[in-house]
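Enquirer: So that you have it, the file is work27.cif, and it contains mmCIF, C-alpha atoms:
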data_coords
loop_
_atom_site.group_PDB
_atom_site.id
_atom_site.type_symbol
_atom_site.label_atom_id
_atom_site.label_comp_id
_atom_site.auth_asym_id
_atom_site.auth_seq_id
_atom_site.Cartn_x
_atom_site.Cartn_y
_atom_site.Cartn_z
ATOM 1 C CA MET A 1 0.000 0.000 0.000
ATOM 2 C CA THR A 2 1.351 3.451 -0.861
ATOM 3 C CA LYS A 3 -0.160 6.712 0.157
ATOM 4 C CA ASP A 4 0.412 10.342 -0.654
ATOM 5 C CA SER A 5 -1.616 13.335 0.411
ATOM 6 C CA ASN A 6 -4.265 12.911 -2.279
ATOM 7 C CA SER A 7 -4.487 9.266 -3.135
ATOM 8 C CA MET A 8 -3.948 5.763 -1.874
ATOM 9 C CA LYS A 9 -2.765 2.881 -4.010
ATOM 10 C CA LEU A 10 -3.419 -0.773 -3.282
ATOM 11 C CA ASN A 11 -1.913 -3.666 -5.236
ATOM 12 C CA TYR A 12 -2.872 -7.327 -5.082
ATOM 13 C CA ASP A 13 -1.756 -10.501 -6.823
ATOM 14 C CA VAL A 14 -4.514 -13.007 -7.479
ATOM 15 C CA ASP A 15 -3.642 -16.636 -8.166
ATOM 16 C CA SER A 16 -5.335 -18.840 -10.676
ATOM 17 C CA ASN A 17 -7.559 -21.592 -9.272
ATOM 18 C CA ASP A 18 -7.059 -20.720 -5.605
ATOM 19 C CA PHE A 19 -10.626 -20.706 -4.372
ATOM 20 C CA THR A 20 -9.752 -20.657 -0.700
ATOM 21 C CA ARG A 21 -8.004 -17.310 -0.952
ATOM 22 C CA ALA A 22 -10.076 -15.804 -3.773
ATOM 23 C CA GLY A 23 -11.924 -12.861 -2.271
ATOM 24 C CA GLU A 24 -9.158 -11.820 0.131
ATOM 25 C CA ALA A 25 -8.115 -8.857 -2.004
ATOM 26 C CA SER A 26 -11.707 -7.598 -2.297
ATOM 27 C CA SER A 27 -12.228 -8.108 1.418
ATOM 28 C CA ASN A 28 -9.136 -6.023 2.139
ATOM 29 C CA ILE A 29 -10.194 -3.261 -0.269
ATOM 30 C CA LYS A 30 -13.620 -3.147 1.377
ATOM 31 C CA LYS A 31 -12.114 -2.822 4.869
ATOM 32 C CA ILE A 32 -9.878 0.057 3.776
ATOM 33 C CA LEU A 33 -12.764 1.925 2.126
ATOM 34 C CA LYS A 34 -14.750 1.522 5.344
ATOM 35 C CA GLN A 35 -11.858 2.891 7.381
ATOM 36 C CA LEU A 36 -11.670 5.857 5.020
ATOM 37 C CA GLY A 37 -15.333 6.542 5.692
ATOM 38 C CA VAL A 38 -16.467 6.097 2.093
ATOM 39 C CA ALA A 39 -20.276 5.988 1.645
ATOM 40 C CA SER A 40 -21.723 2.485 1.969
ATOM 41 C CA LYS A 41 -23.416 2.724 -1.453
ATOM 42 C CA VAL A 42 -20.021 3.315 -3.070
ATOM 43 C CA ILE A 43 -18.371 0.577 -1.009
ATOM 44 C CA ARG A 44 -21.027 -1.853 -2.170
ATOM 45 C CA LYS A 45 -20.349 -1.050 -5.830
ATOM 46 C CA VAL A 46 -16.576 -1.322 -5.419
ATOM 47 C CA SER A 47 -16.920 -4.555 -3.443
ATOM 48 C CA ILE A 48 -19.115 -6.269 -6.016
ATOM 49 C CA ALA A 49 -16.930 -5.117 -8.922
ATOM 50 C CA THR A 50 -13.626 -6.134 -7.338
ATOM 51 C CA TYR A 51 -14.970 -9.429 -6.039
ATOM 52 C CA GLU A 52 -16.422 -10.473 -9.399
ATOM 53 C CA ALA A 53 -13.143 -9.437 -11.043
ATOM 54 C CA GLU A 54 -11.108 -11.353 -8.492
ATOM 55 C CA MET A 55 -13.223 -14.461 -9.067
ATOM 56 C CA ASN A 56 -12.814 -14.006 -12.817
ATOM 57 C CA ILE A 57 -9.015 -14.023 -12.433
ATOM 58 C CA ALA A 58 -9.155 -17.152 -10.258
ATOM 59 C CA ILE A 59 -11.635 -18.921 -12.536
ATOM 60 C CA HIS A 60 -10.584 -17.988 -16.048
ATOM 61 C CA SER A 61 -6.992 -16.749 -16.082
ATOM 62 C CA TYR A 62 -3.469 -17.936 -15.442
ATOM 63 C CA GLY A 63 -3.231 -15.376 -12.625
ATOM 64 C CA GLY A 64 -3.378 -11.615 -12.481
ATOM 65 C CA LYS A 65 -3.333 -8.391 -10.546
ATOM 66 C CA ILE A 66 -5.810 -5.935 -9.080
ATOM 67 C CA ASN A 67 -4.572 -2.370 -8.693
ATOM 68 C CA VAL A 68 -6.757 0.131 -6.895
ATOM 69 C CA GLU A 69 -6.303 3.857 -6.584
ATOM 70 C CA ILE A 70 -8.493 5.792 -4.202
ATOM 71 C CA THR A 71 -8.619 9.542 -4.732
ATOM 72 C CA PRO A 72 -10.869 12.162 -3.130
ATOM 73 C CA LYS A 73 -13.099 11.923 -6.219
ATOM 74 C CA GLU A 74 -13.158 8.278 -7.243
ATOM 75 C CA VAL A 75 -12.000 4.704 -6.924
ATOM 76 C CA GLN A 76 -10.084 3.443 -9.938
ATOM 77 C CA ILE A 77 -9.687 -0.290 -10.350
ATOM 78 C CA VAL A 78 -7.424 -1.884 -12.933
ATOM 79 C CA VAL A 79 -7.671 -5.648 -13.284
ATOM 80 C CA LYS A 80 -5.089 -7.316 -15.452
ATOM 81 C CA ASP A 81 -4.525 -11.001 -16.081
ATOM 82 C CA ASN A 82 -1.943 -13.100 -17.892
ATOM 83 C CA GLY A 83 -4.278 -14.727 -20.352
ATOM 84 C CA PRO A 84 -5.640 -16.677 -22.104
ATOM 85 C CA GLY A 85 -7.848 -13.743 -23.144
ATOM 86 C CA ILE A 86 -11.504 -13.644 -24.146
ATOM 87 C CA LYS A 87 -12.452 -15.005 -27.546
ATOM 88 C CA ASP A 88 -15.627 -12.993 -28.023
ATOM 89 C CA VAL A 89 -15.947 -9.971 -25.719
ATOM 90 C CA ASN A 90 -19.498 -9.161 -26.837
ATOM 91 C CA LEU A 91 -20.640 -12.652 -25.902
ATOM 92 C CA ALA A 92 -18.770 -12.507 -22.585
ATOM 93 C CA MET A 93 -20.621 -9.292 -21.690
ATOM 94 C CA LYS A 94 -24.001 -10.957 -22.278
ATOM 95 C CA GLU A 95 -25.915 -11.964 -19.157
ATOM 96 C CA GLY A 96 -26.053 -15.741 -18.887
ATOM 97 C CA TYR A 97 -23.145 -16.488 -21.203
ATOM 98 C CA SER A 98 -20.287 -18.387 -19.570
ATOM 99 C CA THR A 99 -17.381 -20.639 -20.477
ATOM 100 C CA ALA A 100 -16.928 -21.837 -16.898
ATOM 101 C CA THR A 101 -16.576 -25.534 -16.169
ATOM 102 C CA GLU A 102 -18.887 -27.687 -14.078
ATOM 103 C CA ARG A 103 -16.428 -27.447 -11.168
ATOM 104 C CA ILE A 104 -16.692 -23.658 -11.163
ATOM 105 C CA ARG A 105 -20.483 -23.852 -11.310
ATOM 106 C CA GLU A 106 -20.425 -26.044 -8.229
ATOM 107 C CA LEU A 107 -18.737 -23.134 -6.444
ATOM 108 C CA GLY A 108 -21.733 -20.968 -7.265
ATOM 109 C CA PHE A 109 -20.059 -19.036 -10.073
ATOM 110 C CA GLY A 110 -19.970 -19.343 -13.833
ATOM 111 C CA ALA A 111 -23.585 -18.356 -14.377
ATOM 112 C CA GLY A 112 -22.586 -15.661 -16.840
ATOM 113 C CA MET A 113 -23.280 -12.700 -14.565
ATOM 114 C CA GLY A 114 -19.760 -11.659 -13.565
ATOM 115 C CA LEU A 115 -18.869 -9.094 -16.210
ATOM 116 C CA PRO A 116 -22.448 -7.731 -16.451
ATOM 117 C CA ASN A 117 -22.423 -7.297 -12.656
ATOM 118 C CA ILE A 118 -19.124 -5.401 -12.823
ATOM 119 C CA LYS A 119 -20.453 -3.153 -15.574
ATOM 120 C CA LYS A 120 -23.607 -2.369 -13.582
ATOM 121 C CA CYS A 121 -21.513 -1.205 -10.627
ATOM 122 C CA ALA A 122 -19.080 0.868 -12.677
ATOM 123 C CA ASP A 123 -19.416 4.538 -13.657
ATOM 124 C CA VAL A 124 -16.717 3.947 -16.267
ATOM 125 C CA PHE A 125 -16.075 0.463 -17.627
ATOM 126 C CA GLU A 126 -13.577 -0.553 -20.289
ATOM 127 C CA LEU A 127 -12.566 -4.058 -21.235
ATOM 128 C CA LYS A 128 -9.726 -4.971 -23.546
ATOM 129 C CA SER A 129 -8.793 -8.525 -24.294
ATOM 130 C CA GLU A 130 -6.390 -10.188 -26.641
ATOM 131 C CA GLU A 131 -6.465 -13.916 -27.224
ATOM 132 C CA GLY A 132 -3.290 -15.577 -26.085
ATOM 133 C CA LYS A 133 -2.218 -12.507 -24.137
ATOM 134 C CA GLY A 134 -4.709 -11.494 -21.497
ATOM 135 C CA THR A 135 -7.539 -9.276 -20.398
ATOM 136 C CA LYS A 136 -7.540 -5.822 -18.863
ATOM 137 C CA VAL A 137 -10.564 -4.278 -17.205
ATOM 138 C CA PHE A 138 -10.625 -0.626 -16.218
ATOM 139 C CA ILE A 139 -13.280 0.449 -13.743
ATOM 140 C CA LYS A 140 -14.000 3.849 -12.277
ATOM 141 C CA ILE A 141 -16.517 4.422 -9.494
ATOM 142 C CA PHE A 142 -17.188 8.002 -8.407
ATOM 143 C CA LEU A 143 -17.397 8.806 -4.709
ATOM 144 C CA ASN A 144 -20.241 11.295 -5.126
ATOM 145 C CA MET B 1 -38.682 -10.541 11.751
ATOM 146 C CA LYS B 2 -35.795 -11.305 14.073
ATOM 147 C CA LEU B 3 -33.168 -13.939 13.333
ATOM 148 C CA LYS B 4 -34.191 -15.884 16.427
ATOM 149 C CA GLU B 5 -37.752 -16.213 15.077
ATOM 150 C CA ILE B 6 -36.321 -17.541 11.823
ATOM 151 C CA LYS B 7 -34.293 -20.051 13.798
ATOM 152 C CA GLU B 8 -37.488 -21.255 15.533
ATOM 153 C CA ILE B 9 -39.581 -21.408 12.353
ATOM 154 C CA LEU B 10 -36.951 -23.466 10.524
ATOM 155 C CA ASN B 11 -36.051 -25.544 13.569
ATOM 156 C CA ALA B 12 -32.511 -24.506 12.753
ATOM 157 C CA GLU B 13 -29.245 -25.081 14.518
ATOM 158 C CA VAL B 14 -26.968 -22.097 15.166
ATOM 159 C CA LEU B 15 -23.469 -22.961 13.928
ATOM 160 C CA THR B 16 -21.945 -19.576 14.711
ATOM 161 C CA GLY B 17 -23.005 -16.005 15.473
ATOM 162 C CA GLY B 18 -25.601 -16.898 18.128
ATOM 163 C CA GLU B 19 -24.906 -13.562 19.817
ATOM 164 C CA TYR B 20 -26.514 -11.693 16.896
ATOM 165 C CA LEU B 21 -29.922 -13.411 16.895
ATOM 166 C CA ASP B 22 -31.681 -10.150 17.798
ATOM 167 C CA ARG B 23 -30.839 -8.655 14.403
ATOM 168 C CA GLU B 24 -33.830 -7.613 12.333
ATOM 169 C CA VAL B 25 -34.343 -9.270 8.935
ATOM 170 C CA HIS B 26 -36.300 -7.368 6.264
ATOM 171 C CA SER B 27 -36.302 -9.843 3.396
ATOM 172 C CA ALA B 28 -34.888 -13.113 2.106
ATOM 173 C CA PHE B 29 -33.204 -14.504 -0.978
ATOM 174 C CA GLY B 30 -32.707 -18.130 -1.945
ATOM 175 C CA SER B 31 -30.044 -19.116 -4.456
ATOM 176 C CA ASP B 32 -26.963 -21.188 -5.129
ATOM 177 C CA LEU B 33 -25.737 -18.642 -7.700
ATOM 178 C CA MET B 34 -23.422 -16.179 -5.983
ATOM 179 C CA SER B 35 -23.404 -13.637 -8.816
ATOM 180 C CA ASP B 36 -27.177 -13.388 -8.528
ATOM 181 C CA VAL B 37 -26.823 -12.856 -4.796
ATOM 182 C CA LEU B 38 -24.350 -10.030 -5.487
ATOM 183 C CA ALA B 39 -26.658 -8.478 -8.067
ATOM 184 C CA PHE B 40 -29.945 -8.587 -6.187
ATOM 185 C CA VAL B 41 -29.415 -8.659 -2.459
ATOM 186 C CA ASP B 42 -29.449 -5.688 -0.070
ATOM 187 C CA ASP B 43 -28.462 -5.491 3.560
ATOM 188 C CA GLY B 44 -31.068 -6.642 6.041
ATOM 189 C CA THR B 45 -31.587 -9.671 3.818
ATOM 190 C CA ILE B 46 -30.834 -13.266 4.713
ATOM 191 C CA LEU B 47 -29.562 -15.812 2.228
ATOM 192 C CA LEU B 48 -30.870 -19.358 2.041
ATOM 193 C CA THR B 49 -28.524 -21.617 0.120
ATOM 194 C CA GLY B 50 -27.385 -25.192 -0.235
ATOM 195 C CA LEU B 51 -23.905 -24.142 -1.273
ATOM 196 C CA THR B 52 -21.275 -24.535 1.443
ATOM 197 C CA ASN B 53 -17.921 -23.106 0.389
ATOM 198 C CA PRO B 54 -15.852 -20.070 1.429
ATOM 199 C CA GLN B 55 -17.176 -18.075 -1.513
ATOM 200 C CA VAL B 56 -20.637 -17.970 0.081
ATOM 201 C CA ILE B 57 -19.193 -16.174 3.105
ATOM 202 C CA ARG B 58 -17.089 -13.889 0.886
ATOM 203 C CA THR B 59 -20.183 -13.030 -1.120
ATOM 204 C CA ALA B 60 -22.049 -12.253 2.094
ATOM 205 C CA GLU B 61 -19.185 -10.077 3.276
ATOM 206 C CA MET B 62 -19.135 -8.011 0.075
ATOM 207 C CA ILE B 63 -22.768 -6.965 0.417
ATOM 208 C CA ASP B 64 -23.058 -6.878 4.236
ATOM 209 C CA LEU B 65 -25.301 -9.902 4.569
ATOM 210 C CA PHE B 66 -25.343 -10.726 8.246
ATOM 211 C CA ALA B 67 -26.932 -14.185 8.152
ATOM 212 C CA ILE B 68 -26.834 -17.290 5.998
ATOM 213 C CA ILE B 69 -29.094 -20.302 6.339
ATOM 214 C CA PHE B 70 -27.755 -23.533 4.945
ATOM 215 C CA VAL B 71 -30.604 -25.758 3.804
ATOM 216 C CA ARG B 72 -30.913 -29.512 3.109
ATOM 217 C CA GLY B 73 -28.927 -30.249 6.272
ATOM 218 C CA LYS B 74 -25.693 -29.008 4.678
ATOM 219 C CA LYS B 75 -22.947 -28.441 7.201
ATOM 220 C CA PRO B 76 -20.072 -26.146 6.255
ATOM 221 C CA GLY B 77 -16.471 -26.889 7.247
ATOM 222 C CA GLU B 78 -14.649 -25.226 10.139
ATOM 223 C CA ASP B 79 -12.719 -22.899 7.748
ATOM 224 C CA ILE B 80 -16.033 -21.496 6.529
ATOM 225 C CA LEU B 81 -17.372 -21.016 10.045
ATOM 226 C CA LYS B 82 -14.165 -19.254 11.034
ATOM 227 C CA LEU B 83 -14.491 -16.868 8.098
ATOM 228 C CA ALA B 84 -18.118 -16.236 9.135
ATOM 229 C CA ARG B 85 -17.071 -15.529 12.733
ATOM 230 C CA ASN B 86 -14.479 -13.013 11.532
ATOM 231 C CA ASN B 87 -17.204 -11.268 9.556
ATOM 232 C CA LYS B 88 -19.735 -11.299 12.433
ATOM 233 C CA CYS B 89 -22.055 -13.376 10.275
ATOM 234 C CA THR B 90 -24.640 -15.740 11.780
ATOM 235 C CA ILE B 91 -24.789 -19.221 10.268
ATOM 236 C CA LEU B 92 -27.895 -21.357 10.703
ATOM 237 C CA LYS B 93 -28.469 -24.878 9.459
ATOM 238 C CA THR B 94 -31.854 -26.412 8.752
ATOM 239 C CA ASP B 95 -32.780 -29.871 7.506
ATOM 240 C CA HIS B 96 -35.565 -28.401 5.359
ATOM 241 C CA ILE B 97 -35.033 -28.188 1.614
ATOM 242 C CA LEU B 98 -34.826 -24.703 0.059
ATOM 243 C CA PHE B 99 -38.451 -24.802 -1.123
ATOM 244 C CA THR B 100 -39.873 -25.796 2.250
ATOM 245 C CA ALA B 101 -37.666 -23.419 4.241
ATOM 246 C CA SER B 102 -38.695 -20.514 1.973
ATOM 247 C CA GLY B 103 -42.354 -21.509 2.214
ATOM 248 C CA LEU B 104 -42.298 -21.651 6.007
ATOM 249 C CA LEU B 105 -40.714 -18.185 6.252
ATOM 250 C CA TYR B 106 -43.104 -16.737 3.670
ATOM 251 C CA LYS B 107 -46.085 -18.143 5.576
ATOM 252 C CA SER B 108 -44.768 -16.371 8.676
ATOM 253 C CA GLY B 109 -44.698 -13.020 6.882
ATOM 254 C CA LEU B 110 -41.136 -12.743 5.565
ATOM 255 C CA ARG B 111 -40.982 -11.619 1.934
ATOM 256 C CA GLY B 112 -38.451 -11.961 -0.878
ATOM 257 C CA VAL B 113 -36.030 -9.365 -2.150
ATOM 258 C CA LYS B 114 -37.584 -6.939 -4.620
ATOM 259 C CA ILE B 115 -35.880 -7.097 -7.980
ATOM 260 C CA GLU B 116 -35.615 -3.855 -9.903
ATOM 261 C CA GLY B 117 -37.434 -3.941 -13.201
ATOM 262 C CA ALA B 118 -39.288 -7.166 -12.454
ATOM 263 C CA LYS B 119 -42.979 -7.209 -13.411
ATOM 264 C CA ILE B 120 -43.969 -9.317 -10.397
ATOM 265 C CA ASN B 121 -42.780 -8.751 -6.883
ATOM 266 C CA ASP B 122 -44.236 -10.135 -3.730
#
Can you turn what I pasted into structure tokens?
Expert:
Amino acid sequence: MTKDSNSMKLNYDVDSNDFTRAGEASSNIKKILKQLGVASKVIRKVSIATYEAEMNIAIHSYGGKINVEITPKEVQIVVKDNGPGIKDVNLAMKEGYSTATERIRELGFGAGMGLPNIKKCADVFELKSEEGKGTKVFIKIFLN
Amino acid sequence: MKLKEIKEILNAEVLTGGEYLDREVHSAFGSDLMSDVLAFVDDGTILLTGLTNPQVIRTAEMIDLFAIIFVRGKKPGEDILKLARNNKCTILKTDHILFTASGLLYKSGLRGVKIEGAKIND
């Protein structure tokens, strides 16, 4: 965690396939936002977005990172993974579409609501993905 | 409706968080799909689910759910209960199936979460 007078930066590594620890980063982000006294409505949006993103890294990628920057105006979240990338982004954004395996569904995920949920919570949402390389999601949630 | 009434109605066992049974519950949601829980559930809501893994507690934590009722007699592992304790979350266990547990609570006056944009809500 680094902090200067105007912003706070938080960085987390998220491992692929580690479903015991998945959610720890989001839990930590939520606790810090609470300590900072951020409005509960905003915390809820950030929590859902980061948690879905964290699960996406654990479920679909070879591992990745979540970088958060909290400023007096907004929370910026950059989620980056090491691949394999999304074949069809438009399909992936559709509610109900999922490529998750049966094992993931048994965990209660993989119902095709992850990315749509993130988008709903975000004031700014950008997704870039390249097959074979990885996926980057940029999320901005305003504090007011 | 208070959590302790829910415990009585469902003949449920308290696995952890018995000190919070005076908390007031406004509505309920039943699902094994965690993304749907994240999308639709507000605080003051309890979750009825048959899914027992750490992600259920994480999901609850993200949206400030303070109680989870495991149905069909499902008993979560100690790691899950520990996570729940850390989050001040009450865990109840009932032998009723999801349908019956929901029906019993509905009959006693508890209602489901209202979903935005839905044509029918009750």
Enquirer: At a cut-off of 10 Å, which residues of chain A touch chain B? Count all atoms listed in the file and give the answer as a short mmCIF file (atom, residue, chain, number, x, y, z; two decimals) with C-alpha atoms, in the coordinates of the input.
Expert:
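File result29.cif, as written:
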data_model
loop_
_atom_site.label_atom_id
_atom_site.label_comp_id
_atom_site.auth_asym_id
_atom_site.auth_seq_id
_atom_site.Cartn_x
_atom_site.Cartn_y
_atom_site.Cartn_z
CA PHE A 19 -10.63 -20.71 -4.37
CA THR A 20 -9.75 -20.66 -0.70
CA ARG A 21 -8.00 -17.31 -0.95
CA ALA A 22 -10.08 -15.80 -3.77
CA GLY A 23 -11.92 -12.86 -2.27
CA GLU A 24 -9.16 -11.82 0.13
CA SER A 26 -11.71 -7.60 -2.30
CA SER A 27 -12.23 -8.11 1.42
CA LYS A 30 -13.62 -3.15 1.38
CA LYS A 31 -12.11 -2.82 4.87
CA SER A 40 -21.72 2.48 1.97
CA LYS A 41 -23.42 2.72 -1.45
CA ILE A 43 -18.37 0.58 -1.01
CA ARG A 44 -21.03 -1.85 -2.17
CA LYS A 45 -20.35 -1.05 -5.83
CA VAL A 46 -16.58 -1.32 -5.42
CA SER A 47 -16.92 -4.56 -3.44
CA ILE A 48 -19.11 -6.27 -6.02
CA ALA A 49 -16.93 -5.12 -8.92
CA THR A 50 -13.63 -6.13 -7.34
CA TYR A 51 -14.97 -9.43 -6.04
CA GLU A 52 -16.42 -10.47 -9.40
CA MET A 55 -13.22 -14.46 -9.07
CA ARG A 105 -20.48 -23.85 -11.31
CA GLU A 106 -20.42 -26.04 -8.23
CA LEU A 107 -18.74 -23.13 -6.44
CA GLY A 108 -21.73 -20.97 -7.26
CA PHE A 109 -20.06 -19.04 -10.07
CA GLY A 110 -19.97 -19.34 -13.83
CA ALA A 111 -23.58 -18.36 -14.38
CA GLY A 112 -22.59 -15.66 -16.84
CA MET A 113 -23.28 -12.70 -14.56
CA GLY A 114 -19.76 -11.66 -13.56
CA LEU A 115 -18.87 -9.09 -16.21
CA PRO A 116 -22.45 -7.73 -16.45
CA ASN A 117 -22.42 -7.30 -12.66
CA ILE A 118 -19.12 -5.40 -12.82
CA LYS A 120 -23.61 -2.37 -13.58
CA CYS A 121 -21.51 -1.20 -10.63
#
Enquirer: I would like the residues chosen by the PyMOL selection byres ((chain A and resi 128) around 9) on the shown file; could you give them as a list in words?
Expert: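 Checking the PyMOL selection byres ((chain A and resi 128) around 9) against this file, the residues are Gly85, Ile86, Val89, Glu126, Leu127, Ser129, Glu130, Gly134, Thr135, Lys136, Val137 and Phe138 of chain A.
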Enquirer: Expand the PyMOL selection byres ((chain B and resi 18) around 9) into the individual residues it matches in the shown file, reporting them as a PDB file with C-alpha atoms, in the frame of the given file.
Expert:
ATOM      1  CA  LYS B   4     -34.191 -15.884  16.427  1.00  0.00           C
ATOM      2  CA  VAL B  14     -26.968 -22.097  15.166  1.00  0.00           C
ATOM      3  CA  LEU B  15     -23.469 -22.961  13.928  1.00  0.00           C
ATOM      4  CA  THR B  16     -21.945 -19.576  14.711  1.00  0.00           C
ATOM      5  CA  GLY B  17     -23.005 -16.005  15.473  1.00  0.00           C
ATOM      6  CA  GLU B  19     -24.906 -13.562  19.817  1.00  0.00           C
ATOM      7  CA  TYR B  20     -26.514 -11.693  16.896  1.00  0.00           C
ATOM      8  CA  LEU B  21     -29.922 -13.411  16.895  1.00  0.00           C
ATOM      9  CA  THR B  90     -24.640 -15.740  11.780  1.00  0.00           C
ATOM     10  CA  ILE B  91     -24.789 -19.221  10.268  1.00  0.00           C
ATOM     11  CA  LEU B  92     -27.895 -21.357  10.703  1.00  0.00           C
TER      12      LEU B  92
END
Enquirer: Enter the distance from CA of Ile9 in chain B to CA of Asn86 in chain B, in Å, rounded to one decimal.
Expert: 26.5 Å
Enquirer: Find the spatial neighbours of range 68-78 of chain B, counting all atoms listed in the file, within a cut-off of 10 Å - ignore same-chain residues fewer than 4 positions away - and output them as a compact mmCIF listing (two decimals) with C-alpha atoms, keeping the file's coordinate frame.
Expert:
# COMPACT_ATOMS: atom_id res chain seq x y z
CA ILE B 6 -36.32 -17.54 11.82
CA LYS B 7 -34.29 -20.05 13.80
CA LEU B 10 -36.95 -23.47 10.52
CA ALA B 12 -32.51 -24.51 12.75
CA GLU B 13 -29.24 -25.08 14.52
CA VAL B 14 -26.97 -22.10 15.17
CA LEU B 15 -23.47 -22.96 13.93
CA ALA B 28 -34.89 -13.11 2.11
CA PHE B 29 -33.20 -14.50 -0.98
CA GLY B 30 -32.71 -18.13 -1.94
CA THR B 45 -31.59 -9.67 3.82
CA ILE B 46 -30.83 -13.27 4.71
CA LEU B 47 -29.56 -15.81 2.23
CA LEU B 48 -30.87 -19.36 2.04
CA THR B 49 -28.52 -21.62 0.12
CA GLY B 50 -27.38 -25.19 -0.24
CA LEU B 51 -23.90 -24.14 -1.27
CA THR B 52 -21.28 -24.54 1.44
CA ASN B 53 -17.92 -23.11 0.39
CA PRO B 54 -15.85 -20.07 1.43
CA VAL B 56 -20.64 -17.97 0.08
CA ILE B 57 -19.19 -16.17 3.10
CA ALA B 60 -22.05 -12.25 2.09
CA LYS B 82 -14.16 -19.25 11.03
CA LEU B 83 -14.49 -16.87 8.10
CA ALA B 84 -18.12 -16.24 9.14
CA CYS B 89 -22.06 -13.38 10.28
CA THR B 90 -24.64 -15.74 11.78
CA ILE B 91 -24.79 -19.22 10.27
CA LEU B 92 -27.90 -21.36 10.70
CA LYS B 93 -28.47 -24.88 9.46
CA THR B 94 -31.85 -26.41 8.75
CA ASP B 95 -32.78 -29.87 7.51
CA HIS B 96 -35.56 -28.40 5.36
CA ILE B 97 -35.03 -28.19 1.61
CA LEU B 98 -34.83 -24.70 0.06
CA PHE B 99 -38.45 -24.80 -1.12
CA THR B 100 -39.87 -25.80 2.25
CA ALA B 101 -37.67 -23.42 4.24
CA SER B 102 -38.70 -20.51 1.97
Enquirer: Measuring atom to atom with all atoms listed in the file, identify which of B:Glu116, B:Phe40, B:Ala67, B:Leu81 is nearest to Lys2 in chain B.
Expert: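 Ranked by minimum distance to Lys2 in chain B, first place goes to B:Ala67.
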Enquirer: Measuring atom to atom with only C-alpha atoms, identify which of A:Asn144, A:Ser7, A:Phe125, A:Val75 is nearest to Met93 in chain A.
Expert: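 Closest candidate: A:Phe125.
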Enquirer: Quick check, in Å to one decimal: how far apart do CA of Val113 in chain B and CA of Leu3 in chain B lie?
Expert: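 These atoms are spaced 16.4 Å apart.
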Enquirer: Take the PyMOL selection byres ((chain A and resi 76) around 8), run it mentally on this structure, and tell me the resulting residues as an MDAnalysis selection string.
Expert: chainID A and resid 68:70 74:75 77:78 138:141
Enquirer: With C-alpha atoms retained, write the just-selected residues as a CSV table (one decimal), in the coordinates of the input.
Expert:
chain,number,residue,atom,x,y,z
A,68,VAL,CA,-6.8,0.1,-6.9
A,69,GLU,CA,-6.3,3.9,-6.6
A,70,ILE,CA,-8.5,5.8,-4.2
A,74,GLU,CA,-13.2,8.3,-7.2
A,75,VAL,CA,-12.0,4.7,-6.9
A,77,ILE,CA,-9.7,-0.3,-10.4
A,78,VAL,CA,-7.4,-1.9,-12.9
A,138,PHE,CA,-10.6,-0.6,-16.2
A,139,ILE,CA,-13.3,0.4,-13.7
A,140,LYS,CA,-14.0,3.8,-12.3
A,141,ILE,CA,-16.5,4.4,-9.5
Enquirer: Can you work out the spacing between CA of Lys107 in chain B and CA of Asp43 in chain B in Å, to one decimal?
Expert: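 Separating CA of Lys107 in chain B from CA of Asp43 in chain B is a distance of 21.8 Å.
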Enquirer: Give as number ranges by chain every residue, naming chains and numbers as the document does, that has an atom within 7 Å of (-29.0, -8.5, 11.3), counting only C-alpha atoms.
Expert: B: 20, 23-25, 44, 66-67
Enquirer: Since fewer atoms than expected are present, regenerate N, CA and C atoms for range 93-102 of chain A and write them as a JSON list (two decimals), in the coordinates of the input.
Expert:
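Everything below was put into part.json:
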[["chain", "number", "residue", "atom", "x", "y", "z"],
["A", 93, "MET", "N", -19.90, -10.36, -22.40],
["A", 93, "MET", "CA", -20.62, -9.29, -21.69],
["A", 93, "MET", "C", -22.11, -9.61, -21.57],
["A", 94, "LYS", "N", -22.57, -10.62, -22.27],
["A", 94, "LYS", "CA", -24.00, -10.96, -22.28],
["A", 94, "LYS", "C", -24.38, -11.72, -21.01],
["A", 95, "GLU", "N", -25.46, -11.28, -20.37],
["A", 95, "GLU", "CA", -25.92, -11.96, -19.16],
["A", 95, "GLU", "C", -26.25, -13.42, -19.48],
["A", 96, "GLY", "N", -25.73, -14.33, -18.71],
["A", 96, "GLY", "CA", -26.05, -15.74, -18.89],
["A", 96, "GLY", "C", -25.04, -16.51, -19.71],
["A", 97, "TYR", "N", -24.15, -15.78, -20.41],
["A", 97, "TYR", "CA", -23.14, -16.49, -21.20],
["A", 97, "TYR", "C", -21.92, -16.78, -20.34],
["A", 98, "SER", "N", -21.47, -18.03, -20.37],
["A", 98, "SER", "CA", -20.29, -18.39, -19.57],
["A", 98, "SER", "C", -19.52, -19.53, -20.20],
["A", 99, "THR", "N", -18.20, -19.52, -20.01],
["A", 99, "THR", "CA", -17.38, -20.64, -20.48],
["A", 99, "THR", "C", -16.87, -21.45, -19.28],
["A", 100, "ALA", "N", -17.43, -21.18, -18.11],
["A", 100, "ALA", "CA", -16.93, -21.84, -16.90],
["A", 100, "ALA", "C", -17.26, -23.33, -16.89],
["A", 101, "THR", "N", -16.39, -24.08, -16.24],
["A", 101, "THR", "CA", -16.58, -25.53, -16.17],
["A", 101, "THR", "C", -17.59, -25.91, -15.09],
["A", 102, "GLU", "N", -17.95, -27.16, -15.07],
["A", 102, "GLU", "CA", -18.89, -27.69, -14.08],
["A", 102, "GLU", "C", -18.36, -27.46, -12.65]]
